[in-house]
Amino acid sequence: MTERIRSFIAVPLPEEVRRAVGMTIEELRGFGADVGWVRPENLHLTLRFLGEQGERELDRVREALAEATAEASPFTVSLQGLGAFPLRGTPRVIWVGVAEGADQLSALQAAVEAALAQRGFRPEERAFHPHLTIGRVRGTRGIQALAGALGDEQLFGEAEVAVVHLMRSDLHPGGARYSVLGGFALGGRR
């Protein structure tokens, strides 16, 4: 029986951005909301969650990522503002927005999605909305007060998007632990 690996495709973020977002997460914890907050070292821009995959499927993902990133040029994203999904109703996900570079990030995600589809992966059903997930709502306690503190004015910094990572996610009682299974430079840069 082959090992199944919980995996996803992501853009890494620089330490200074993760630190800035981490400080805001600590402030948001003060609302006492029932939210599972992402640890700063785990912050990344997700392009596609793949779920459990075998090594053969992951090889096809690597091929897709090599193809999708070869024609893309590096670009910069700026992270700004706090919001929640869904936009109406009870929030389920707390996020940091992508301001500058959102169109390029969406184009990169679409290229990844197309390359995966050519290799037999079912397309993602939900539309892609560039964002950085910082928390997942677990219950309603404190959520309305937290939602009232969200807005689009806070700046978190910029990140160069020059590489896409294939990531492994191992679930542990203290939270997920991520490791890089492969890196794919935009434009074939090394």
# chains A, B, ... in the order shown; residues from 1 in each chain; ligands from 1

$ select_by_dssp --residues "chain A" --states "strand (DSSP E or B)" --output "JSON list (two decimals) with N, CA and C atoms, in the first residue's frame"
[["chain", "number", "residue", "atom", "x", "y", "z"],
["A", 5, "ILE", "N", -0.31, 11.26, 0.91],
["A", 5, "ILE", "CA", 0.27, 12.47, 1.48],
["A", 5, "ILE", "C", -0.72, 13.62, 1.32],
["A", 6, "ARG", "N", -1.09, 14.21, 2.44],
["A", 6, "ARG", "CA", -1.96, 15.39, 2.43],
["A", 6, "ARG", "C", -1.12, 16.55, 1.89],
["A", 7, "SER", "N", -1.56, 17.16, 0.79],
["A", 7, "SER", "CA", -0.70, 18.12, 0.12],
["A", 7, "SER", "C", -1.49, 19.31, -0.43],
["A", 8, "PHE", "N", -0.73, 20.36, -0.73],
["A", 8, "PHE", "CA", -1.30, 21.57, -1.32],
["A", 8, "PHE", "C", -0.21, 22.32, -2.07],
["A", 9, "ILE", "N", -0.63, 23.30, -2.87],
["A", 9, "ILE", "CA", 0.28, 24.12, -3.66],
["A", 9, "ILE", "C", 0.20, 25.54, -3.12],
["A", 10, "ALA", "N", 1.37, 26.16, -2.86],
["A", 10, "ALA", "CA", 1.37, 27.45, -2.18],
["A", 10, "ALA", "C", 2.53, 28.34, -2.62],
["A", 11, "VAL", "N", 2.35, 29.62, -2.36],
["A", 11, "VAL", "CA", 3.41, 30.61, -2.53],
["A", 11, "VAL", "C", 3.91, 30.95, -1.13],
["A", 12, "PRO", "N", 5.22, 30.80, -0.89],
["A", 12, "PRO", "CA", 5.75, 31.13, 0.43],
["A", 12, "PRO", "C", 5.79, 32.64, 0.65],
["A", 35, "VAL", "N", -11.74, 30.80, 17.32],
["A", 35, "VAL", "CA", -11.06, 30.71, 16.03],
["A", 35, "VAL", "C", -9.78, 29.92, 16.20],
["A", 36, "GLY", "N", -9.52, 29.03, 15.25],
["A", 36, "GLY", "CA", -8.23, 28.35, 15.20],
["A", 36, "GLY", "C", -7.30, 29.21, 14.35],
["A", 37, "TRP", "N", -6.37, 29.87, 15.02],
["A", 37, "TRP", "CA", -5.47, 30.80, 14.32],
["A", 37, "TRP", "C", -4.29, 30.06, 13.72],
["A", 44, "HIS", "N", 1.01, 31.16, 4.33],
["A", 44, "HIS", "CA", 1.36, 31.04, 2.91],
["A", 44, "HIS", "C", 0.12, 31.42, 2.09],
["A", 45, "LEU", "N", 0.33, 31.67, 0.82],
["A", 45, "LEU", "CA", -0.78, 31.92, -0.11],
["A", 45, "LEU", "C", -1.10, 30.61, -0.82],
["A", 46, "THR", "N", -2.25, 30.04, -0.52],
["A", 46, "THR", "CA", -2.63, 28.76, -1.11],
["A", 46, "THR", "C", -3.16, 28.97, -2.53],
["A", 47, "LEU", "N", -2.61, 28.20, -3.46],
["A", 47, "LEU", "CA", -3.10, 28.21, -4.84],
["A", 47, "LEU", "C", -4.07, 27.05, -5.07],
["A", 48, "ARG", "N", -3.84, 25.93, -4.37],
["A", 48, "ARG", "CA", -4.73, 24.77, -4.56],
["A", 48, "ARG", "C", -4.47, 23.75, -3.47],
["A", 49, "PHE", "N", -5.54, 23.33, -2.80],
["A", 49, "PHE", "CA", -5.46, 22.22, -1.85],
["A", 49, "PHE", "C", -5.68, 20.94, -2.64],
["A", 50, "LEU", "N", -4.79, 19.97, -2.47],
["A", 50, "LEU", "CA", -4.87, 18.73, -3.24],
["A", 50, "LEU", "C", -5.45, 17.57, -2.45],
["A", 51, "GLY", "N", -5.41, 17.64, -1.13],
["A", 51, "GLY", "CA", -5.88, 16.52, -0.32],
["A", 51, "GLY", "C", -4.88, 15.38, -0.34],
["A", 52, "GLU", "N", -5.37, 14.20, -0.05],
["A", 52, "GLU", "CA", -4.52, 13.00, 0.04],
["A", 52, "GLU", "C", -4.14, 12.54, -1.37],
["A", 53, "GLN", "N", -2.83, 12.43, -1.61],
["A", 53, "GLN", "CA", -2.32, 12.02, -2.92],
["A", 53, "GLN", "C", -1.23, 10.98, -2.73],
["A", 75, "PHE", "N", 6.49, 38.38, -9.83],
["A", 75, "PHE", "CA", 5.74, 39.62, -9.58],
["A", 75, "PHE", "C", 5.65, 39.83, -8.08],
["A", 76, "THR", "N", 5.12, 40.97, -7.71],
["A", 76, "THR", "CA", 5.01, 41.33, -6.29],
["A", 76, "THR", "C", 3.55, 41.41, -5.89],
["A", 77, "VAL", "N", 3.26, 40.91, -4.69],
["A", 77, "VAL", "CA", 1.93, 41.08, -4.11],
["A", 77, "VAL", "C", 2.09, 41.93, -2.84],
["A", 78, "SER", "N", 1.08, 42.74, -2.58],
["A", 78, "SER", "CA", 1.03, 43.46, -1.31],
["A", 78, "SER", "C", -0.15, 42.92, -0.52],
["A", 79, "LEU", "N", 0.07, 42.74, 0.76],
["A", 79, "LEU", "CA", -0.96, 42.19, 1.64],
["A", 79, "LEU", "C", -1.54, 43.32, 2.47],
["A", 80, "GLN", "N", -2.85, 43.46, 2.37],
["A", 80, "GLN", "CA", -3.52, 44.59, 3.02],
["A", 80, "GLN", "C", -4.94, 44.23, 3.40],
["A", 81, "GLY", "N", -5.33, 44.63, 4.60],
["A", 81, "GLY", "CA", -6.71, 44.50, 5.04],
["A", 81, "GLY", "C", -7.04, 43.15, 5.63],
["A", 82, "LEU", "N", -8.10, 43.15, 6.42],
["A", 82, "LEU", "CA", -8.60, 41.94, 7.07],
["A", 82, "LEU", "C", -10.06, 41.75, 6.68],
["A", 83, "GLY", "N", -10.44, 40.52, 6.41],
["A", 83, "GLY", "CA", -11.82, 40.24, 6.05],
["A", 83, "GLY", "C", -12.20, 38.83, 6.44],
["A", 84, "ALA", "N", -13.38, 38.40, 6.01],
["A", 84, "ALA", "CA", -13.87, 37.07, 6.35],
["A", 84, "ALA", "C", -14.68, 36.51, 5.19],
["A", 85, "PHE", "N", -14.66, 35.19, 5.07],
["A", 85, "PHE", "CA", -15.53, 34.46, 4.15],
["A", 85, "PHE", "C", -16.52, 33.68, 5.00],
["A", 93, "VAL", "N", -13.94, 31.82, 7.70],
["A", 93, "VAL", "CA", -12.51, 31.99, 7.49],
["A", 93, "VAL", "C", -12.17, 33.47, 7.68],
["A", 94, "ILE", "N", -11.10, 33.73, 8.43],
["A", 94, "ILE", "CA", -10.59, 35.09, 8.61],
["A", 94, "ILE", "C", -9.35, 35.20, 7.72],
["A", 95, "TRP", "N", -9.25, 36.30, 6.96],
["A", 95, "TRP", "CA", -8.17, 36.41, 6.00],
["A", 95, "TRP", "C", -7.55, 37.80, 5.94],
["A", 96, "VAL", "N", -6.34, 37.82, 5.36],
["A", 96, "VAL", "CA", -5.65, 39.06, 4.96],
["A", 96, "VAL", "C", -5.81, 39.14, 3.45],
["A", 97, "GLY", "N", -6.11, 40.34, 2.96],
["A", 97, "GLY", "CA", -6.34, 40.51, 1.53],
["A", 97, "GLY", "C", -5.06, 40.68, 0.73],
["A", 98, "VAL", "N", -5.16, 40.38, -0.56],
["A", 98, "VAL", "CA", -4.09, 40.63, -1.52],
["A", 98, "VAL", "C", -4.52, 41.84, -2.33],
["A", 131, "HIS", "N", -6.16, 35.50, -1.28],
["A", 131, "HIS", "CA", -6.18, 35.89, 0.13],
["A", 131, "HIS", "C", -5.19, 35.03, 0.91],
["A", 132, "LEU", "N", -4.91, 35.46, 2.12],
["A", 132, "LEU", "CA", -4.06, 34.73, 3.05],
["A", 132, "LEU", "C", -4.93, 34.32, 4.23],
["A", 133, "THR", "N", -5.20, 33.03, 4.37],
["A", 133, "THR", "CA", -6.01, 32.55, 5.49],
["A", 133, "THR", "C", -5.20, 32.69, 6.78],
["A", 134, "ILE", "N", -5.80, 33.35, 7.78],
["A", 134, "ILE", "CA", -5.12, 33.49, 9.07],
["A", 134, "ILE", "C", -5.87, 32.79, 10.20],
["A", 135, "GLY", "N", -7.14, 32.42, 9.97],
["A", 135, "GLY", "CA", -7.89, 31.74, 11.02],
["A", 135, "GLY", "C", -9.12, 31.05, 10.46],
["A", 136, "ARG", "N", -9.52, 29.97, 11.13],
["A", 136, "ARG", "CA", -10.73, 29.23, 10.77],
["A", 136, "ARG", "C", -11.66, 29.26, 11.97],
["A", 137, "VAL", "N", -12.86, 29.75, 11.73],
["A", 137, "VAL", "CA", -13.85, 29.91, 12.80],
["A", 137, "VAL", "C", -14.36, 28.53, 13.21],
["A", 155, "LEU", "N", -1.81, 47.54, 6.54],
["A", 155, "LEU", "CA", -0.81, 47.05, 5.59],
["A", 155, "LEU", "C", 0.09, 46.04, 6.28],
["A", 156, "PHE", "N", 0.39, 44.94, 5.60],
["A", 156, "PHE", "CA", 1.24, 43.89, 6.17],
["A", 156, "PHE", "C", 2.56, 43.73, 5.43],
["A", 157, "GLY", "N", 2.72, 44.40, 4.30],
["A", 157, "GLY", "CA", 3.98, 44.30, 3.56],
["A", 157, "GLY", "C", 3.79, 43.70, 2.18],
["A", 158, "GLU", "N", 4.94, 43.51, 1.53],
["A", 158, "GLU", "CA", 4.96, 42.97, 0.18],
["A", 158, "GLU", "C", 5.74, 41.67, 0.15],
["A", 159, "ALA", "N", 5.45, 40.86, -0.86],
["A", 159, "ALA", "CA", 6.17, 39.61, -1.07],
["A", 159, "ALA", "C", 6.41, 39.42, -2.56],
["A", 160, "GLU", "N", 7.62, 39.05, -2.91],
["A", 160, "GLU", "CA", 7.89, 38.70, -4.30],
["A", 160, "GLU", "C", 7.40, 37.27, -4.53],
["A", 161, "VAL", "N", 6.62, 37.10, -5.56],
["A", 161, "VAL", "CA", 6.16, 35.76, -5.95],
["A", 161, "VAL", "C", 7.13, 35.30, -7.05],
["A", 163, "VAL", "N", 8.47, 31.83, -6.69],
["A", 163, "VAL", "CA", 8.50, 30.37, -6.62],
["A", 163, "VAL", "C", 7.16, 29.86, -6.11],
["A", 164, "VAL", "N", 6.82, 28.67, -6.54],
["A", 164, "VAL", "CA", 5.62, 27.97, -6.07],
["A", 164, "VAL", "C", 6.09, 26.68, -5.42],
["A", 165, "HIS", "N", 5.55, 26.37, -4.27],
["A", 165, "HIS", "CA", 5.93, 25.15, -3.55],
["A", 165, "HIS", "C", 4.82, 24.10, -3.58],
["A", 166, "LEU", "N", 5.22, 22.86, -3.76],
["A", 166, "LEU", "CA", 4.35, 21.72, -3.49],
["A", 166, "LEU", "C", 4.62, 21.37, -2.04],
["A", 167, "MET", "N", 3.58, 21.39, -1.21],
["A", 167, "MET", "CA", 3.73, 21.25, 0.23],
["A", 167, "MET", "C", 3.08, 19.97, 0.75],
["A", 168, "ARG", "N", 3.67, 19.45, 1.80],
["A", 168, "ARG", "CA", 3.11, 18.33, 2.55],
["A", 168, "ARG", "C", 2.55, 18.89, 3.85],
["A", 169, "SER", "N", 1.40, 18.41, 4.27],
["A", 169, "SER", "CA", 0.77, 18.83, 5.52],
["A", 169, "SER", "C", 0.55, 17.60, 6.39],
["A", 170, "ASP", "N", 1.22, 17.58, 7.53],
["A", 170, "ASP", "CA", 1.03, 16.50, 8.50],
["A", 170, "ASP", "C", 0.27, 17.07, 9.69],
["A", 177, "ARG", "N", 1.87, 20.62, 10.52],
["A", 177, "ARG", "CA", 3.29, 20.87, 10.25],
["A", 177, "ARG", "C", 3.47, 20.71, 8.74],
["A", 178, "TYR", "N", 4.10, 21.71, 8.14],
["A", 178, "TYR", "CA", 4.27, 21.72, 6.70],
["A", 178, "TYR", "C", 5.73, 21.47, 6.33],
["A", 179, "SER", "N", 5.92, 20.79, 5.21],
["A", 179, "SER", "CA", 7.26, 20.62, 4.66],
["A", 179, "SER", "C", 7.16, 20.74, 3.14],
["A", 180, "VAL", "N", 8.24, 21.21, 2.53],
["A", 180, "VAL", "CA", 8.29, 21.45, 1.09],
["A", 180, "VAL", "C", 8.66, 20.15, 0.38],
["A", 181, "LEU", "N", 7.83, 19.75, -0.59],
["A", 181, "LEU", "CA", 8.09, 18.58, -1.41],
["A", 181, "LEU", "C", 8.76, 18.94, -2.73],
["A", 182, "GLY", "N", 8.69, 20.22, -3.10],
["A", 182, "GLY", "CA", 9.32, 20.66, -4.33],
["A", 182, "GLY", "C", 9.08, 22.14, -4.55],
["A", 183, "GLY", "N", 10.07, 22.80, -5.15],
["A", 183, "GLY", "CA", 9.95, 24.23, -5.46],
["A", 183, "GLY", "C", 10.06, 24.44, -6.95],
["A", 184, "PHE", "N", 9.24, 25.34, -7.49],
["A", 184, "PHE", "CA", 9.19, 25.59, -8.93],
["A", 184, "PHE", "C", 9.28, 27.09, -9.17],
["A", 185, "ALA", "N", 10.42, 27.52, -9.70],
["A", 185, "ALA", "CA", 10.68, 28.94, -9.91],
["A", 185, "ALA", "C", 9.90, 29.47, -11.10]]

$ atom_distance --atom1 "atom CA of A:Ile143" --atom2 "atom CA of A:Glu15"
28.3 Å

$ residues_around --residues "A:Leu105" --least-positions-apart "4" --cutoff "8 Å" --atoms "only C-alpha atoms" --output "list in words"
Val77, Gly101, Gln109 and Pro130 of chain A

$ closest_residue --among "A:Gly30, A:Ala107, A:Thr69, A:Thr2" --to "A:Glu55" --atoms "only C-alpha atoms"
A:Thr2

$ select_by_dssp --residues "stretch 6-182 of chain A" --states "alpha helix (DSSP H)" --output "PyMOL selection string"
chain A and resi 15-29+55-70+102-118+143-148

$ closest_residue --among "A:Pro14, A:Gly89, A:Val38, A:Ser73" --to "A:Glu26" --atoms "only C-alpha atoms"
A:Val38

$ decode --residues "stretch 148-172 of chain A" --atoms "N, CA and C atoms" --output "mmCIF file, in the first residue's frame"
data_model
loop_
_atom_site.group_PDB
_atom_site.id
_atom_site.type_symbol
_atom_site.label_atom_id
_atom_site.label_comp_id
_atom_site.auth_asym_id
_atom_site.auth_seq_id
_atom_site.Cartn_x
_atom_site.Cartn_y
_atom_site.Cartn_z
ATOM 1 N N GLY A 148 -16.372 42.876 13.584
ATOM 2 C CA GLY A 148 -16.429 44.332 13.614
ATOM 3 C C GLY A 148 -15.055 44.992 13.576
ATOM 4 N N ALA A 149 -14.011 44.237 13.910
ATOM 5 C CA ALA A 149 -12.650 44.784 13.914
ATOM 6 C C ALA A 149 -11.947 44.623 12.571
ATOM 7 N N LEU A 150 -12.579 43.929 11.633
ATOM 8 C CA LEU A 150 -11.951 43.689 10.336
ATOM 9 C C LEU A 150 -12.146 44.904 9.440
ATOM 10 N N GLY A 151 -11.158 45.175 8.605
ATOM 11 C CA GLY A 151 -11.235 46.305 7.680
ATOM 12 C C GLY A 151 -10.080 46.261 6.703
ATOM 13 N N ASP A 152 -10.099 47.164 5.733
ATOM 14 C CA ASP A 152 -9.110 47.073 4.659
ATOM 15 C C ASP A 152 -7.956 48.058 4.746
ATOM 16 N N GLU A 153 -7.765 48.709 5.898
ATOM 17 C CA GLU A 153 -6.725 49.728 5.962
ATOM 18 C C GLU A 153 -5.352 49.208 6.371
ATOM 19 N N GLN A 154 -5.241 48.119 7.102
ATOM 20 C CA GLN A 154 -3.960 47.675 7.646
ATOM 21 C C GLN A 154 -3.063 47.075 6.564
ATOM 22 N N LEU A 155 -1.814 47.544 6.539
ATOM 23 C CA LEU A 155 -0.814 47.053 5.593
ATOM 24 C C LEU A 155 0.089 46.039 6.280
ATOM 25 N N PHE A 156 0.395 44.943 5.596
ATOM 26 C CA PHE A 156 1.242 43.890 6.167
ATOM 27 C C PHE A 156 2.561 43.731 5.426
ATOM 28 N N GLY A 157 2.722 44.395 4.305
ATOM 29 C CA GLY A 157 3.977 44.304 3.559
ATOM 30 C C GLY A 157 3.788 43.699 2.185
ATOM 31 N N GLU A 158 4.935 43.510 1.532
ATOM 32 C CA GLU A 158 4.956 42.968 0.180
ATOM 33 C C GLU A 158 5.745 41.670 0.146
ATOM 34 N N ALA A 159 5.449 40.863 -0.861
ATOM 35 C CA ALA A 159 6.170 39.611 -1.071
ATOM 36 C C ALA A 159 6.408 39.423 -2.556
ATOM 37 N N GLU A 160 7.620 39.049 -2.914
ATOM 38 C CA GLU A 160 7.887 38.701 -4.298
ATOM 39 C C GLU A 160 7.399 37.273 -4.529
ATOM 40 N N VAL A 161 6.616 37.098 -5.562
ATOM 41 C CA VAL A 161 6.165 35.761 -5.952
ATOM 42 C C VAL A 161 7.125 35.304 -7.046
ATOM 43 N N ALA A 162 8.077 34.469 -6.652
ATOM 44 C CA ALA A 162 9.097 34.000 -7.581
ATOM 45 C C ALA A 162 9.172 32.480 -7.619
ATOM 46 N N VAL A 163 8.465 31.831 -6.694
ATOM 47 C CA VAL A 163 8.503 30.373 -6.619
ATOM 48 C C VAL A 163 7.158 29.861 -6.107
ATOM 49 N N VAL A 164 6.816 28.669 -6.544
ATOM 50 C CA VAL A 164 5.618 27.975 -6.069
ATOM 51 C C VAL A 164 6.089 26.683 -5.424
ATOM 52 N N HIS A 165 5.548 26.370 -4.267
ATOM 53 C CA HIS A 165 5.933 25.149 -3.551
ATOM 54 C C HIS A 165 4.823 24.100 -3.577
ATOM 55 N N LEU A 166 5.223 22.861 -3.762
ATOM 56 C CA LEU A 166 4.353 21.725 -3.490
ATOM 57 C C LEU A 166 4.624 21.367 -2.040
ATOM 58 N N MET A 167 3.577 21.390 -1.212
ATOM 59 C CA MET A 167 3.726 21.247 0.231
ATOM 60 C C MET A 167 3.082 19.965 0.750
ATOM 61 N N ARG A 168 3.671 19.448 1.797
ATOM 62 C CA ARG A 168 3.105 18.334 2.549
ATOM 63 C C ARG A 168 2.553 18.887 3.852
ATOM 64 N N SER A 169 1.400 18.407 4.274
ATOM 65 C CA SER A 169 0.771 18.829 5.517
ATOM 66 C C SER A 169 0.549 17.601 6.395
ATOM 67 N N ASP A 170 1.221 17.576 7.535
ATOM 68 C CA ASP A 170 1.030 16.503 8.501
ATOM 69 C C ASP A 170 0.269 17.070 9.688
ATOM 70 N N LEU A 171 -0.865 16.465 9.998
ATOM 71 C CA LEU A 171 -1.710 16.951 11.089
ATOM 72 C C LEU A 171 -1.238 16.365 12.418
ATOM 73 N N HIS A 172 -1.113 17.241 13.417
ATOM 74 C CA HIS A 172 -0.689 16.868 14.762
ATOM 75 C C HIS A 172 -1.611 17.553 15.757
#
